Each structure stands twice: as C-alpha cells, then as structure tokens.
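Here is model_2.tsv, consisting of TSV, C-alpha atoms:
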```tsv
chain	number	residue	atom	x	y	z
A	1	MET	CA	103.51	103.29	123.99
A	2	ASP	CA	107.17	104.04	124.67
A	3	GLU	CA	108.12	100.73	126.30
A	4	PRO	CA	108.76	97.57	124.26
A	5	VAL	CA	105.97	95.09	123.51
A	6	LEU	CA	106.66	91.39	123.98
A	7	LEU	CA	104.96	89.15	121.43
A	8	THR	CA	105.04	85.43	122.20
A	9	GLY	CA	104.40	82.94	119.41
A	10	ALA	CA	105.64	85.59	116.98
A	11	GLY	CA	106.15	83.13	114.13
A	12	GLY	CA	102.57	81.85	114.04
A	13	ARG	CA	99.66	83.01	111.90
A	14	VAL	CA	98.22	85.50	114.37
A	15	GLY	CA	101.65	86.81	115.29
A	16	GLN	CA	102.52	87.38	111.66
A	17	ALA	CA	99.23	89.14	110.96
A	18	ILE	CA	99.99	91.49	113.85
A	19	LEU	CA	103.60	92.10	112.85
A	20	ARG	CA	102.80	92.67	109.18
A	21	GLY	CA	100.21	95.23	110.21
A	22	LEU	CA	102.01	96.89	113.11
A	23	GLY	CA	105.68	96.13	112.46
A	24	ASP	CA	106.68	99.80	112.32
A	25	GLU	CA	104.41	100.95	115.14
A	26	TYR	CA	106.07	99.43	118.20
A	27	ASP	CA	109.42	98.49	119.70
A	28	TRP	CA	109.03	94.71	119.54
A	29	ARG	CA	110.49	91.84	121.47
A	30	LEU	CA	109.74	88.55	119.77
A	31	LEU	CA	109.65	85.18	121.50
A	32	ASP	CA	109.23	81.84	119.77
A	33	ARG	CA	110.38	78.27	120.32
A	34	GLU	CA	112.33	78.31	117.07
A	35	PRO	CA	114.53	80.98	115.46
A	36	LEU	CA	112.50	83.27	113.22
A	37	PRO	CA	113.59	83.70	109.60
A	38	ALA	CA	114.34	87.25	108.51
A	39	ALA	CA	111.14	87.45	106.46
A	40	LYS	CA	109.11	87.07	109.66
A	41	VAL	CA	110.88	89.84	111.56
A	42	PRO	CA	110.10	93.57	111.14
A	43	ASP	CA	112.91	95.94	110.30
A	44	GLY	CA	114.56	97.32	113.40
A	45	VAL	CA	114.12	94.26	115.59
A	46	THR	CA	117.65	93.33	116.64
A	47	ASP	CA	119.02	89.93	117.52
A	48	ALA	CA	118.95	91.00	121.17
A	49	ASP	CA	115.18	91.45	120.91
A	50	ARG	CA	114.58	87.93	119.57
A	51	TYR	CA	114.14	85.25	122.22
A	52	VAL	CA	114.26	81.58	121.33
A	53	ALA	CA	112.67	79.88	124.33
A	54	ASP	CA	109.88	77.69	125.58
A	55	ILE	CA	107.23	79.65	127.47
A	56	THR	CA	107.50	77.16	130.34
A	57	ASP	CA	111.12	78.29	130.84
A	58	GLU	CA	110.59	80.69	133.74
A	59	ARG	CA	114.05	82.24	133.63
A	60	ALA	CA	113.88	82.97	129.91
A	61	VAL	CA	110.36	84.39	130.17
A	62	ARG	CA	111.33	86.67	133.06
A	63	GLU	CA	114.22	87.98	130.98
A	64	ALA	CA	111.94	88.59	128.00
A	65	VAL	CA	109.33	90.55	130.00
A	66	ALA	CA	111.80	92.76	131.85
A	67	ASP	CA	111.00	96.45	131.25
A	68	VAL	CA	108.26	95.85	128.68
A	69	GLY	CA	105.06	97.87	128.77
A	70	ALA	CA	102.77	95.23	127.30
A	71	VAL	CA	102.58	91.57	126.36
A	72	ILE	CA	100.62	89.94	123.55
A	73	HIS	CA	100.57	86.26	124.43
A	74	LEU	CA	99.87	83.96	121.49
A	75	ALA	CA	102.24	81.03	122.08
A	76	GLY	CA	100.84	77.56	122.63
A	77	ASP	CA	99.64	74.44	120.88
A	78	PRO	CA	96.96	75.67	118.43
A	79	ARG	CA	95.52	72.28	117.48
A	80	LYS	CA	91.90	71.78	118.47
A	81	THR	CA	92.72	68.04	118.64
A	82	ALA	CA	95.79	68.58	120.82
A	83	PRO	CA	96.25	65.88	123.48
A	84	TRP	CA	95.95	66.79	127.13
A	85	ASP	CA	99.65	66.56	127.94
A	86	SER	CA	100.41	69.18	125.28
A	87	VAL	CA	97.43	71.36	126.23
A	88	LEU	CA	98.46	71.29	129.88
A	89	ARG	CA	102.13	72.08	129.30
A	90	ASN	CA	101.97	74.55	126.43
A	91	ASN	CA	98.63	76.29	126.91
A	92	ILE	CA	97.95	76.26	130.65
A	93	ASP	CA	101.33	75.98	132.37
A	94	GLY	CA	102.96	78.18	129.73
A	95	THR	CA	100.28	80.88	130.03
A	96	GLN	CA	100.63	80.83	133.82
A	97	VAL	CA	104.39	81.33	133.53
A	98	VAL	CA	104.03	84.27	131.12
A	99	MET	CA	101.21	85.97	133.05
A	100	ARG	CA	102.95	85.61	136.40
A	101	ALA	CA	106.23	86.96	135.04
A	102	ALA	CA	104.40	89.89	133.44
A	103	ALA	CA	102.45	90.72	136.58
A	104	GLU	CA	105.53	90.52	138.81
A	105	ALA	CA	107.47	92.72	136.36
A	106	GLY	CA	104.78	95.41	136.53
A	107	VAL	CA	103.59	95.05	132.92
A	108	GLU	CA	100.69	97.43	132.32
A	109	ARG	CA	98.73	95.63	129.59
A	110	PHE	CA	98.40	91.95	128.76
A	111	ALA	CA	96.50	90.73	125.68
A	112	PHE	CA	95.76	87.01	125.79
A	113	ALA	CA	94.85	85.11	122.64
A	114	SER	CA	91.81	83.13	123.69
A	115	SER	CA	89.68	81.31	121.15
A	116	ASN	CA	86.26	80.65	119.70
A	117	HIS	CA	86.79	77.12	121.02
A	118	ALA	CA	86.40	78.40	124.59
A	119	VAL	CA	82.69	78.77	123.79
A	120	GLY	CA	82.31	76.11	121.11
A	121	GLY	CA	79.79	74.23	123.24
A	122	TYR	CA	77.17	76.91	122.58
A	123	GLU	CA	77.00	75.71	118.97
A	124	THR	CA	74.44	73.06	119.75
A	125	GLU	CA	72.66	70.86	117.26
A	126	ASP	CA	69.41	72.79	117.61
A	127	ARG	CA	71.13	76.13	116.99
A	128	THR	CA	73.21	75.21	113.96
A	129	PRO	CA	73.42	75.93	111.09
A	130	ASP	CA	70.97	78.83	111.57
A	131	LEU	CA	73.42	80.29	114.07
A	132	TYR	CA	75.81	81.10	111.23
A	133	ARG	CA	73.29	83.01	109.10
A	134	PRO	CA	72.58	86.76	109.00
A	135	GLU	CA	68.90	86.46	109.88
A	136	ASP	CA	69.65	84.67	113.17
A	137	ASP	CA	69.94	87.10	116.10
A	138	TYR	CA	71.59	84.81	118.68
A	139	ARG	CA	74.74	86.48	120.04
A	140	LEU	CA	77.52	85.68	122.46
A	141	ASP	CA	78.93	88.89	123.92
A	142	GLY	CA	81.71	87.79	126.28
A	143	SER	CA	79.62	87.94	129.45
A	144	GLU	CA	78.57	84.28	129.14
A	145	LEU	CA	80.43	81.51	130.95
A	146	PRO	CA	82.98	79.51	128.96
A	147	ARG	CA	81.58	76.39	127.33
A	148	PRO	CA	84.55	74.68	125.69
A	149	GLY	CA	84.04	72.40	122.73
A	150	ASN	CA	87.33	70.51	123.18
A	151	LEU	CA	90.38	70.32	125.44
A	152	TYR	CA	92.02	73.12	123.51
A	153	GLY	CA	89.01	75.27	124.42
A	154	VAL	CA	89.40	74.19	128.05
A	155	SER	CA	92.94	75.55	128.00
A	156	LYS	CA	91.76	78.88	126.64
A	157	ALA	CA	89.06	79.12	129.31
A	158	ALA	CA	91.78	78.45	131.88
A	159	GLY	CA	93.85	81.28	130.40
A	160	GLU	CA	90.90	83.65	130.74
A	161	SER	CA	90.59	82.71	134.41
A	162	LEU	CA	94.30	83.25	134.95
A	163	GLY	CA	93.91	86.69	133.41
A	164	ARG	CA	91.08	87.49	135.82
A	165	PHE	CA	93.26	86.42	138.74
A	166	TYR	CA	96.29	88.47	137.72
A	167	HIS	CA	94.14	91.52	137.06
A	168	ASP	CA	92.51	91.28	140.48
A	169	GLU	CA	95.69	90.47	142.39
A	170	PHE	CA	98.18	92.72	140.62
A	171	GLY	CA	96.08	95.35	138.86
A	172	MET	CA	97.44	94.35	135.45
A	173	SER	CA	95.08	95.28	132.61
A	174	VAL	CA	94.10	92.05	130.84
A	175	VAL	CA	92.07	91.59	127.68
A	176	CYS	CA	91.18	88.11	126.44
A	177	VAL	CA	90.48	88.05	122.72
A	178	ARG	CA	88.35	85.10	121.61
A	179	ILE	CA	89.81	84.90	118.12
A	180	GLY	CA	87.58	83.63	115.34
A	181	ASN	CA	88.75	82.37	111.95
A	182	LEU	CA	91.81	84.23	110.66
A	183	THR	CA	92.47	84.24	106.92
A	184	LYS	CA	94.32	86.82	104.88
A	185	ASP	CA	92.75	87.76	101.56
A	186	HIS	CA	89.21	86.43	101.81
A	187	PRO	CA	86.93	84.68	104.29
A	188	PRO	CA	87.00	80.88	104.42
A	189	ARG	CA	85.52	79.50	101.24
A	190	GLU	CA	82.20	77.60	101.30
A	191	TYR	CA	82.27	77.37	105.09
A	192	GLU	CA	79.38	79.04	106.91
A	193	ARG	CA	80.88	78.81	110.37
A	194	GLY	CA	84.17	80.24	109.15
A	195	GLN	CA	82.46	83.15	107.39
A	196	ALA	CA	80.46	83.93	110.52
A	197	MET	CA	83.63	84.22	112.60
A	198	TRP	CA	86.02	85.57	109.97
A	199	LEU	CA	88.83	87.82	111.13
A	200	SER	CA	90.80	89.48	108.35
A	201	HIS	CA	94.50	90.17	108.75
A	202	ARG	CA	94.09	93.92	108.83
A	203	ASP	CA	91.27	93.75	111.37
A	204	CYS	CA	93.42	91.43	113.46
A	205	ALA	CA	96.27	93.95	113.47
A	206	HIS	CA	93.89	96.79	114.26
A	207	LEU	CA	92.27	94.88	117.13
A	208	PHE	CA	95.57	94.10	118.83
A	209	ASP	CA	96.70	97.68	118.25
A	210	ARG	CA	93.67	98.75	120.27
A	211	CYS	CA	94.58	96.20	122.94
A	212	LEU	CA	97.90	98.02	123.28
A	213	GLN	CA	96.44	101.53	123.27
A	214	ALA	CA	93.10	101.44	125.08
A	215	ASP	CA	92.47	101.82	128.80
A	216	TYR	CA	90.69	98.84	130.35
A	217	GLY	CA	90.64	96.64	133.42
A	218	TYR	CA	89.65	93.07	132.60
A	219	GLU	CA	87.82	92.34	129.37
A	220	ILE	CA	86.71	89.40	127.24
A	221	VAL	CA	86.05	90.40	123.64
A	222	TYR	CA	85.47	88.61	120.37
A	223	GLY	CA	88.03	88.88	117.61
A	224	ILE	CA	86.09	88.83	114.36
A	225	SER	CA	85.54	91.26	111.51
A	226	ASN	CA	82.32	93.22	111.02
A	227	ASN	CA	80.52	90.27	109.42
A	228	ASP	CA	76.83	90.24	108.58
A	229	ARG	CA	77.00	86.55	109.40
A	230	ARG	CA	77.98	86.47	113.06
A	231	TYR	CA	76.93	85.03	116.36
A	232	TYR	CA	79.68	86.80	118.29
A	233	SER	CA	78.99	90.38	119.26
A	234	ILE	CA	81.81	92.86	118.71
A	235	GLU	CA	80.11	95.62	120.68
A	236	ARG	CA	82.29	95.15	123.75
A	237	ALA	CA	85.42	95.34	121.60
A	238	ARG	CA	84.08	98.58	120.14
A	239	GLU	CA	83.17	100.08	123.51
A	240	ALA	CA	86.11	98.96	125.64
A	241	LEU	CA	88.89	99.08	123.06
A	242	GLY	CA	87.73	101.37	120.28
A	243	TYR	CA	87.80	98.52	117.76
A	244	ASP	CA	86.58	99.64	114.33
A	245	PRO	CA	86.82	96.72	111.88
A	246	ALA	CA	86.94	97.37	108.16
A	247	ASP	CA	86.09	93.97	106.67
A	248	ASN	CA	82.91	91.92	106.32
A	249	SER	CA	82.58	88.41	104.94
A	250	ALA	CA	79.35	89.56	103.24
A	251	ASP	CA	81.51	91.52	100.81
A	252	TYR	CA	82.56	88.18	99.31
A	253	THR	CA	80.66	85.39	97.63
A	254	PHE	CA	80.26	82.10	99.45
A	255	GLU	CA	83.10	80.85	97.25
A	256	GLY	CA	85.36	83.59	98.63
A	257	LYS	CA	85.48	85.97	95.66
A	258	PRO	CA	85.02	89.74	96.13
A	259	LYS	CA	81.55	90.87	95.08
A	260	SER	CA	83.00	94.03	93.55
A	261	ASP	CA	86.34	95.64	92.77
A	262	GLY	CA	85.85	98.26	95.46
A	263	ASP	CA	88.61	100.10	97.24
A	264	THR	CA	90.86	97.53	98.92
A	265	GLU	CA	92.09	100.21	101.31
A	266	THR	CA	88.73	100.89	102.98
A	267	ASN	CA	90.55	101.01	106.30
A	268	GLY	CA	92.59	103.97	105.11
A	269	GLY	CA	95.60	101.81	104.47
A	270	ARG	CA	96.30	101.66	108.20
A	271	TYR	CA	97.74	98.19	108.15
A	272	ASP	CA	99.65	97.21	105.06
A	273	ASP	CA	100.42	93.58	104.27
A	274	ASP	CA	103.76	94.69	102.82
A	275	SER	CA	105.18	95.97	106.11
A	276	PHE	CA	108.29	93.79	105.83
A	277	ALA	CA	109.86	92.54	102.61
A	278	ALA	CA	108.05	92.46	99.29
A	279	ASP	CA	106.01	89.31	98.66
A	280	ALA	CA	108.47	88.23	96.01
A	281	ASP	CA	111.21	88.13	98.63
A	282	ARG	CA	109.26	86.00	101.06
A	283	PRO	CA	109.49	82.24	101.29
A	284	ALA	CA	106.50	80.13	100.36
A	285	PRO	CA	103.80	80.01	103.07
A	286	GLU	CA	104.42	77.54	105.83
A	287	SER	CA	102.03	75.11	107.44
A	288	PRO	CA	99.07	76.94	108.99
A	289	ALA	CA	99.95	75.63	112.43
A	290	GLU	CA	102.39	77.22	114.85
A	291	PRO	CA	105.95	76.38	113.77
A	292	ASN	CA	106.56	73.82	116.50
A	293	PHE	CA	103.39	71.81	116.07
A	294	PRO	CA	102.00	69.82	113.16
A	295	ALA	CA	99.09	71.21	111.20
A	296	ASP	CA	95.65	70.16	112.36
A	297	PRO	CA	93.98	68.28	109.48
A	298	ASP	CA	90.57	68.75	111.11
A	299	ALA	CA	90.78	72.53	111.05
A	300	PRO	CA	91.09	73.97	107.54
A	301	SER	CA	90.93	77.53	108.79
A	302	ASP	CA	90.10	77.72	112.52
A	303	ASP	CA	93.03	79.59	113.94
A	304	ALA	CA	92.96	80.27	117.61
```
For the file at hand, write its structure as structure tokens.
Amino acid sequence: MDEPVLLTGAGGRVGQAILRGLGDEYDWRLLDREPLPAAKVPDGVTDADRYVADITDERAVREAVADVGAVIHLAGDPRKTAPWDSVLRNNIDGTQVVMRAAAEAGVERFAFASSNHAVGGYETEDRTPDLYRPEDDYRLDGSELPRPGNLYGVSKAAGESLGRFYHDEFGMSVVCVRIGNLTKDHPPREYERGQAMWLSHRDCAHLFDRCLQADYGYEIVYGISNNDRRYYSIERAREALGYDPADNSADYTFEGKPKSDGDTETNGGRYDDDSFAADADRPAPESPAEPNFPADPDAPSDDA
C-alpha cells in the first residue's frame, strides 16, 4: 500500500503490538489523545504524522484521514466495566466520527477493532467451562448476531453495524476484528477462557497486516491465534484475509510456560518485537489500559 495508514489509539496495547510488528512496513499516521513517547513511535514517523486529538473532534479526525489509504481504528474506552456515558462518547460517537470521515475521504480499507465482548452473551452457564476446552466443538464464526455481555460489548456491536452501513453506502471495505485476549510472550496463565481466545503479539500484527492487504467487502472475523482451545472459528479470517497464525496456546502449559524450547521464530521472523528501540531502551510497561483510561481491575488480560 503506497498511501499512509492512519492508526487511532496508537499508544494502546493493540496499537503497540501492530506497530512493533509492522513499524517498518507502512507509512504511518498515529492518532492518540495524549502525546506518544518516542519509544512508542516507529522510526520514520515525523511529528507531522502524529496527531494528538480526541476521536470525537471532527475537524481533527478529518485532517488525520486526508489522503490515507486505510484506517485501523482502535481508539476508545477499553474497560469492560466502562460506564455508559464513556461508552457512548468514546466508543460509539467516536467510531461514527472516524468512519464517516474515512468514508467521505474515500478511504479504501477500514479495520475496526471489535471485541470478544460483542458476543460474550453466548458464554452461557450451561456452555461453560466446557466451551473453553479442546474437546468441545461449539464455534462462533462471525455469522451469528451480536450478543453483548456488557455495555462495552454493546458499543462494539454498534461499531460493527456502523461498518456495515458505511460499506453499503460508500463502498468502503470494512473488516471488524473481534479481538480475543492479547498477551505478548505467553497465553494468559491459569485462565481457560483467556487461553481459548489468546492472540499473540505477532499474530495480531500479522492479522492487521492482512486487513491492510487483502481484498474484501464487509467482514466480521475473530482475532485469535491458532489455539487448540477455541470457540471462535478463524476460518473466515483465513479465507477472506489470508490470515495464517503461528501461535497456539496449547504450546504452553496451563501455567504459561513453553512446553519445549522450540524455534521461537516459527513465523519466519515476519514480525519482530524489536522493531523500534531495544528493550533496554524502553520505559517500564505502562498500565494495560489505553493511556487515557484507568486499568480495569476486573480484566486481568481481556484486551479488546
């Protein structure tokens, strides 16, 4: 892709996983509500390509999307316990502003960070915990209706509907990625649900790379690694996007330790965690929440 890619919520966990994997692959524009420290910005991204703005600021968003070829929209309140006023402003109104600006600017591809919480209501008492185990064959594949488990999930279902509208009305290609449980070096420890929906950092980068490269109309796909434990199907992501995940939570013990010392570059080294500065030069990890919202104490590892 020759045109720039706008990444909203660039300072958050998903944004950083994408940038650390794909920092050298695209001409980035980064938007966040707070200035990004140098360690969070790939080499080559100039000050002019960094936007400090709220996604409900229509003028700023229109400026940021001008002449871009694609948008990855991550920004919003990530807390599954977020109150309605924040969900409405940051996740619904903000997504509407970004999608409308992108559609009116003629953006070709729009990747929307949806969430497992958009379908959390399918995890009923009679299905769990068997749902999270390899021998259970129940699968959600993206064709089912949303069934939010909280107001945060409601906001993500609304974003999926907005994507459908802007695809139908403007012809913009839209993919909604129902992101699972993003952790970097290992799946969530001693947490069956988290291991069933684990998304590694390198698979996250690869998936959004495919969102930027593939040809599609409107899609809903699940963003998880190739886990033996899973109740989300990744077949649509494979077919529509060419997604080819490298990681599997079954390669780790339930405590999160690798079962062997196998090749850590099983994905051919496509997406290197050292894309920016060396780890020694980076500041200590921040709160797992987006930079403008407090961490959610109820969610040890649920990301999107």
TODO: For A:Asp203, please output as a ChimeraX atom specification all residues within 8 Å (counting only C-alpha atoms; exclusion window: fewer than 4 positions along the same chain).
DONE: /A:199,207,224-225,245-247
Task: Of the listed residues A:Gly159, A:Gly142, A:Gly180, A:Gly12, that which approaches A:Thr95 most closely, counting only C-alpha atoms - done: A:Gly159
TODO: Please determine the residues with any atom at most 9 Å from (81.2, 76.1, 121.6) (coordinates as given in the file, with all atoms listed in the file counting) and report them as a PyMOL selection string.
DONE: chain A and resi 116-124+146-150+153
TODO: Within 10 Å of stretch 237-242 of chain A, counting all atoms listed in the file, which residues show up once you throw out same-chain ones fewer than 5 positions away? Write them as a VMD selection string, please.
DONE: chain A and resid 141 to 142 175 177 206 to 224
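Closest to A:Val97 among A:Asp24, A:Glu58, A:Asp126, A:Glu3 is A:Glu58, based on all atoms listed in the file.
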Task: Which of A:Arg202, A:His186, A:Arg13, A:Arg33 sits closest to A:Ser249 [using all atoms listed in the file] - done: A:His186
TODO: Name the residues in contact with stretch 104-107 of chain A at a cut-off of 8 Å, using all atoms listed in the file, excluding same-chain residues fewer than 3 positions from it; report them as a ChimeraX atom specification.
DONE: /A:62,65-71,100-101,110,170,172
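Straight-line separation from atom CA of A:Gly256 to atom CA of A:Tyr191: 9.5 Å.
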Could I get stretch 192-218 of chain A rebuilt with N, CA, C and O atoms, written as a PDB file, keeping the file's coordinate frame?
```pdb
ATOM      1  N   GLU A 192      80.232  78.074 106.230  1.00  0.00           N
ATOM      2  CA  GLU A 192      79.380  79.040 106.910  1.00  0.00           C
ATOM      3  C   GLU A 192      79.939  79.453 108.267  1.00  0.00           C
ATOM      4  O   GLU A 192      79.958  80.637 108.608  1.00  0.00           O
ATOM      5  N   ARG A 193      80.355  78.491 109.036  1.00  0.00           N
ATOM      6  CA  ARG A 193      80.880  78.810 110.370  1.00  0.00           C
ATOM      7  C   ARG A 193      82.093  79.738 110.251  1.00  0.00           C
ATOM      8  O   ARG A 193      82.212  80.722 110.981  1.00  0.00           O
ATOM      9  N   GLY A 194      82.996  79.420 109.324  1.00  0.00           N
ATOM     10  CA  GLY A 194      84.170  80.240 109.150  1.00  0.00           C
ATOM     11  C   GLY A 194      83.843  81.651 108.695  1.00  0.00           C
ATOM     12  O   GLY A 194      84.483  82.615 109.130  1.00  0.00           O
ATOM     13  N   GLN A 195      82.844  81.817 107.845  1.00  0.00           N
ATOM     14  CA  GLN A 195      82.460  83.150 107.390  1.00  0.00           C
ATOM     15  C   GLN A 195      81.772  83.937 108.487  1.00  0.00           C
ATOM     16  O   GLN A 195      81.860  85.169 108.525  1.00  0.00           O
ATOM     17  N   ALA A 196      81.100  83.249 109.400  1.00  0.00           N
ATOM     18  CA  ALA A 196      80.460  83.930 110.520  1.00  0.00           C
ATOM     19  C   ALA A 196      81.478  84.456 111.525  1.00  0.00           C
ATOM     20  O   ALA A 196      81.225  85.445 112.212  1.00  0.00           O
ATOM     21  N   MET A 197      82.625  83.800 111.620  1.00  0.00           N
ATOM     22  CA  MET A 197      83.630  84.220 112.600  1.00  0.00           C
ATOM     23  C   MET A 197      84.918  84.689 111.934  1.00  0.00           C
ATOM     24  O   MET A 197      85.981  84.706 112.535  1.00  0.00           O
ATOM     25  N   TRP A 198      84.833  85.133 110.683  1.00  0.00           N
ATOM     26  CA  TRP A 198      86.020  85.570 109.970  1.00  0.00           C
ATOM     27  C   TRP A 198      86.684  86.751 110.640  1.00  0.00           C
ATOM     28  O   TRP A 198      86.021  87.712 111.055  1.00  0.00           O
ATOM     29  N   LEU A 199      88.014  86.691 110.711  1.00  0.00           N
ATOM     30  CA  LEU A 199      88.830  87.820 111.130  1.00  0.00           C
ATOM     31  C   LEU A 199      89.882  88.042 110.056  1.00  0.00           C
ATOM     32  O   LEU A 199      90.733  87.178 109.823  1.00  0.00           O
ATOM     33  N   SER A 200      89.817  89.175 109.387  1.00  0.00           N
ATOM     34  CA  SER A 200      90.800  89.480 108.350  1.00  0.00           C
ATOM     35  C   SER A 200      92.130  89.866 108.998  1.00  0.00           C
ATOM     36  O   SER A 200      92.188  90.233 110.178  1.00  0.00           O
ATOM     37  N   HIS A 201      93.195  89.811 108.224  1.00  0.00           N
ATOM     38  CA  HIS A 201      94.500  90.170 108.750  1.00  0.00           C
ATOM     39  C   HIS A 201      94.559  91.622 109.206  1.00  0.00           C
ATOM     40  O   HIS A 201      95.117  91.937 110.255  1.00  0.00           O
ATOM     41  N   ARG A 202      93.981  92.525 108.415  1.00  0.00           N
ATOM     42  CA  ARG A 202      94.090  93.920 108.830  1.00  0.00           C
ATOM     43  C   ARG A 202      93.217  94.220 110.044  1.00  0.00           C
ATOM     44  O   ARG A 202      93.592  95.030 110.891  1.00  0.00           O
ATOM     45  N   ASP A 203      92.068  93.562 110.168  1.00  0.00           N
ATOM     46  CA  ASP A 203      91.270  93.750 111.370  1.00  0.00           C
ATOM     47  C   ASP A 203      91.949  93.133 112.586  1.00  0.00           C
ATOM     48  O   ASP A 203      91.839  93.653 113.702  1.00  0.00           O
ATOM     49  N   CYS A 204      92.654  92.035 112.375  1.00  0.00           N
ATOM     50  CA  CYS A 204      93.420  91.430 113.460  1.00  0.00           C
ATOM     51  C   CYS A 204      94.481  92.397 113.979  1.00  0.00           C
ATOM     52  O   CYS A 204      94.606  92.630 115.188  1.00  0.00           O
ATOM     53  N   ALA A 205      95.241  92.994 113.067  1.00  0.00           N
ATOM     54  CA  ALA A 205      96.270  93.950 113.470  1.00  0.00           C
ATOM     55  C   ALA A 205      95.652  95.143 114.186  1.00  0.00           C
ATOM     56  O   ALA A 205      96.147  95.592 115.229  1.00  0.00           O
ATOM     57  N   HIS A 206      94.565  95.649 113.641  1.00  0.00           N
ATOM     58  CA  HIS A 206      93.890  96.790 114.260  1.00  0.00           C
ATOM     59  C   HIS A 206      93.388  96.447 115.658  1.00  0.00           C
ATOM     60  O   HIS A 206      93.542  97.241 116.604  1.00  0.00           O
ATOM     61  N   LEU A 207      92.801  95.276 115.828  1.00  0.00           N
ATOM     62  CA  LEU A 207      92.270  94.880 117.130  1.00  0.00           C
ATOM     63  C   LEU A 207      93.379  94.816 118.179  1.00  0.00           C
ATOM     64  O   LEU A 207      93.231  95.329 119.300  1.00  0.00           O
ATOM     65  N   PHE A 208      94.498  94.198 117.841  1.00  0.00           N
ATOM     66  CA  PHE A 208      95.570  94.100 118.830  1.00  0.00           C
ATOM     67  C   PHE A 208      96.267  95.443 119.039  1.00  0.00           C
ATOM     68  O   PHE A 208      96.802  95.701 120.120  1.00  0.00           O
ATOM     69  N   ASP A 209      96.236  96.311 118.050  1.00  0.00           N
ATOM     70  CA  ASP A 209      96.700  97.680 118.250  1.00  0.00           C
ATOM     71  C   ASP A 209      95.856  98.363 119.326  1.00  0.00           C
ATOM     72  O   ASP A 209      96.380  99.037 120.228  1.00  0.00           O
ATOM     73  N   ARG A 210      94.554  98.165 119.256  1.00  0.00           N
ATOM     74  CA  ARG A 210      93.670  98.750 120.270  1.00  0.00           C
ATOM     75  C   ARG A 210      93.909  98.118 121.648  1.00  0.00           C
ATOM     76  O   ARG A 210      93.794  98.803 122.668  1.00  0.00           O
ATOM     77  N   CYS A 211      94.241  96.841 121.672  1.00  0.00           N
ATOM     78  CA  CYS A 211      94.580  96.200 122.940  1.00  0.00           C
ATOM     79  C   CYS A 211      95.800  96.852 123.591  1.00  0.00           C
ATOM     80  O   CYS A 211      95.924  96.871 124.824  1.00  0.00           O
ATOM     81  N   LEU A 212      96.691  97.375 122.776  1.00  0.00           N
ATOM     82  CA  LEU A 212      97.900  98.020 123.280  1.00  0.00           C
ATOM     83  C   LEU A 212      97.678  99.484 123.627  1.00  0.00           C
ATOM     84  O   LEU A 212      98.455 100.061 124.393  1.00  0.00           O
ATOM     85  N   GLN A 213      96.630 100.091 123.095  1.00  0.00           N
ATOM     86  CA  GLN A 213      96.440 101.530 123.270  1.00  0.00           C
ATOM     87  C   GLN A 213      95.311 101.896 124.230  1.00  0.00           C
ATOM     88  O   GLN A 213      95.375 102.942 124.881  1.00  0.00           O
ATOM     89  N   ALA A 214      94.290 101.075 124.318  1.00  0.00           N
ATOM     90  CA  ALA A 214      93.100 101.440 125.080  1.00  0.00           C
ATOM     91  C   ALA A 214      93.331 101.302 126.585  1.00  0.00           C
ATOM     92  O   ALA A 214      94.256 100.618 127.036  1.00  0.00           O
ATOM     93  N   ASP A 215      92.474 101.952 127.344  1.00  0.00           N
ATOM     94  CA  ASP A 215      92.470 101.820 128.800  1.00  0.00           C
ATOM     95  C   ASP A 215      91.347 100.860 129.197  1.00  0.00           C
ATOM     96  O   ASP A 215      90.189 101.063 128.822  1.00  0.00           O
ATOM     97  N   TYR A 216      91.680  99.829 129.943  1.00  0.00           N
ATOM     98  CA  TYR A 216      90.690  98.840 130.350  1.00  0.00           C
ATOM     99  C   TYR A 216      91.182  98.143 131.613  1.00  0.00           C
ATOM    100  O   TYR A 216      92.354  98.272 132.006  1.00  0.00           O
ATOM    101  N   GLY A 217      90.279  97.419 132.254  1.00  0.00           N
ATOM    102  CA  GLY A 217      90.640  96.640 133.420  1.00  0.00           C
ATOM    103  C   GLY A 217      90.801  95.178 133.047  1.00  0.00           C
ATOM    104  O   GLY A 217      91.896  94.713 132.733  1.00  0.00           O
ATOM    105  N   TYR A 218      89.671  94.452 133.089  1.00  0.00           N
ATOM    106  CA  TYR A 218      89.650  93.070 132.600  1.00  0.00           C
ATOM    107  C   TYR A 218      88.513  92.952 131.617  1.00  0.00           C
ATOM    108  O   TYR A 218      87.371  93.337 131.905  1.00  0.00           O
TER     109      TYR A 218
END
```
